[in-house]
Amino acid sequence: MNIISISLILQGFGFFCRQRYVLGDTAMQKMAQSHVFLSGIGGLGVEIAKNIILAGVKALTVHDTKQCTKWDLGINFFIHEDDITSQRNRAEATLHRIAELNPYVHVAASVVPLDETTDLSFLKQYQCVILTEVSLLLQKKINDFCHAQQPPIKFISADVYGICSRLFCDFGDEFEVLDTTGEEPKEIFISNITQSNPGIVTCLENHPHRLETGQFLTFREVNGMSCLNGSTHQITVVSPYSFSIGDTSDMEPYLHGGIAVQVKTPKMFYFERLEKQIINPLCLVADFSKPEAPLQIHVAMLALNHFQENFGRGPNIGCLQDAEEMLKIAMSVSETLENKPQVNGDVVKWLSRTAQGFLAPLAAAVGGVASQEVLKAVTGKFSPLQQWLYIDMLDIVTPLEKMGCEEFLPRGDRYDALRACIGDSLCQKLHDLNVFLVGCGAIGCEMLKNFALLGVGTGQDKGLVTITDPDLIEKSNLNRQFLFRPHHIQKPKSYTAAEATLNINPYLKIDSYINKVCPATENTYSDEFYTKQDVIVTALDNVEARRYIDSRCVANLRPLIDSGTMGTKGHTEVIVPHLTESYNSHRDPPEEEIPFCTLKSFPAAIEHTIQWARDKFESSFSHKPSLFNKFWQTYPSAEEVLQRIKSGESLEGCFHVIKTLSRRPRSWTQCVELARVKFEKYFSHKALQLLHSFPLDTRLKDGSLFWQSPKRPPFPVKFEFNDPLHYGFIVSAAKLFATVYCVPFTEKVIHTATVFPSHNLDVPVQFWPDVVQTDETARKPDHIPVSSEDERNAIFQLEKSIVSNEALENDLQMKPISFEKDDDSNGHIDFITAASNLRAKMYNIEPADRFKTKRIAGKIIPAIATATAAVSGLVALELIKVVGGYPADAYKNCFLNLAIPIMVFTETLRIIIKMYIHHTIFTVFTNFTCMNKKEFSTPKSK
């Protein structure tokens, strides 16, 4: 890779930081070298272009030969009305709007003809070719060309016709993937290994390994069977808590300890050309209640292609005669396929009736998946699609069967493509919709784009989109929150998103707010507000906020559509009053908390040391300064406090406050000295304390060693001025102490050796043994008792501070620091990284780099635009059903993981009905007003 490419990657790491957690730096670097060709900038093509540009390929060429029409306004969010009046080419019209999504990607437009006579040699410069709106005959020709190259050009074709979509991938005869899932390698603590053939490895109690047969593990820190350390073995799962690793009968007996670490191994995937796959398709099943559906849609879409070839046009909108003709073609097409799949007449007829139309949300969903396949093609990261994905929206159109053909005919406006799919009456319901969108982040931006294309909230007399988000725009948001640009940084998300959405559809009526929606601000939106909303859509990453909104929807009988993403994973959930269970009807397993004693004394993994360092940050730089300020706001003078203590009065927290005051640093040098003292206490004294309480040969009552897995014995860290890790801790801690104690400093002063006196290894802090907490159920105490000696010391220290004029008004104030993970200049992550890795060194735990530390300490949710786009599209499709008042069996929840890839549609959870006395029916949506004290009997499920 050339120097310029590396430089661009480094510059863009702030832009790409959330995506880096999904793909990793190696994949990001491969993307930054890739050239991609995309033909067809219609509704699907622009979705794919948006996603892969946000992801950060090196260069994208967008190709199109069509002019902008009014039809495009309802399907392409980057085409405006002036593009139509000036009759601009679609690729040229969208070029600069696509390009400004990511300054690190070179975007070019091509308008040259692409047909059966075109010389395809120009494609050799690309690593991946994507085709949309291209005839099947031309797709075959281009696919054959790409497949024949060495190395093969990765080929992807995708189309949306009315209610149906398809996606096809061919990455060549062989395609190697280095990491099929992108998941962190599992680490398993071992409790026993048998001397047998095969040897059985048992995990610690209550810690299932979650491994699969055929995976590989390497071992470390095994005591006894030391020959296992560093070796790699393929495993066979025996039970959730054990697995076999081959012959261990000749090894020395296992004693204790050991960690098994999953080893990622490359996997080869094999592809067939489009010509062969058409006859015998390999399809991903998305709805297991309809396993035959992919082949049925395959036949229907092939029939559509044959219809287009035979008649030189697509079937007319709503035309029953064309639908009958296409059904005949489908019957004959089915006979030419190897498995002779069954023809679904409903799918064929509805595809024919709607083929000229376009469901923009379906394009968003398919575009998200297709874009992820592009990233796989150019990086070799994650498992590619093999080889077809079909999604249909038969659930949307089936209830429209009785509508007349005129409902679907064009009216000459921007919604004609949508109208051809769902009819004019349902379009009008969308226009008149009042929708409340909570959150304008990644999913929120995508949802607003979908609202604009659907015409939500554009009715003349009715309809309104209300949005709220309290956050400001950060640089890291730009990578996936596509409505925002660099000049929007530090502006409110909701106001900016509203303005950008009006650029897509100026007829949208939208109110934007910066209110938080959570129990703490319960009165922000009243019940009256919720009852005015037809639908509430959540686009949040805060579970508690989502639960609160669900409670408001249940109380006010409002539909709710919830969604979320984490990396390549995503989910959607539909809640409809009286039809489905609510969001709060089910609970995810609680997040496993790290025991207090593990954090304090017995860390076993880097996550433990990072959380410990995060806690130290909060305690030292936020919590204690806040308590200090609160105390002196209550007692405004040191003299008054001294007098009240001497008179025997008990002032809560005064002894800790006085201790802080007496040790307050007043220069940069003293901040350095304080940091040096903390180093000694954290990384030397703590180890000495534990080894004093539990020497290395300590045994438990059953005779087993105290210090065995998962407990690790600590060893004191000897301070070395020239060690970058040691020096880094001192500097970062000193800077934070200087900030909270309002001590001025400059970058020049920080790195001047003459004002860094604490490289002297003698630190005036004595080690005193104390009691160590070993109870894993124990929690951090709220109050630590104060001895009479502490009280006497406090009086002495406060008197001394007063006499020395070091208890003046300015001395009684500190500046608490709020942890901020995204500002790399504030030193917060620097401190946590240094502190965590020093503690890891003390316990012989593998350290973590700053990037990983930032993710764990900042609780950053990995994010990528592809999953966000897919999820938002699925939400908008369910919104259409909600607006149409569809029956319960029409709604679908979805879980997807684009890395594997899987996409699973399931029916919504039906509402649970219970019966009380007097045959009273009760559900989660039922409200009772109790007029007397008569109690209800025990409910019976019905």
# chains A, B, ... in the order shown; residues from 1 in each chain; ligands from 1
>>> select_by_dssp(residues="segment 181-410 of chain A", states="strand (DSSP E or B)", output="ChimeraX atom specification")
/A:187-193,200-203,216-220,223,229,232-234,236-239,242-244,256,259-263,267-270,283-284,358,381,388-392
>>> closest_atom_pairs(of="segment 888-917 of chain A", to="segment 20-41 of chain A", cutoff="12 Å", atoms="only C-alpha atoms", output="JSON lines")
{"residue": "A:Asn897", "atom": "CA", "partner": "A:Val22", "partner_atom": "CA", "distance": 12.0}
{"residue": "A:Leu898", "atom": "CA", "partner": "A:Val22", "partner_atom": "CA", "distance": 11.2}
{"residue": "A:Ala899", "atom": "CA", "partner": "A:Val22", "partner_atom": "CA", "distance": 9.6}
>>> residues_around(residues="Gln387 of chain A", least_positions_apart="3", cutoff="7 Å", atoms="only C-alpha atoms", output="PyMOL selection string")
chain A and resi 168-170+282-283
>>> residues_around(residues="segment 792-806 of chain A", least_positions_apart="3", cutoff="9 Å", atoms="only C-alpha atoms", output="list in words")
Ala638, Glu639, Val641, Leu642, Ile645, Lys646, Cys654, Phe655, His656, Ile658, Lys659, Leu661, Ser662, Arg664, Ser787, Ser788, Glu789, Asn810 and Asp811 of chain A
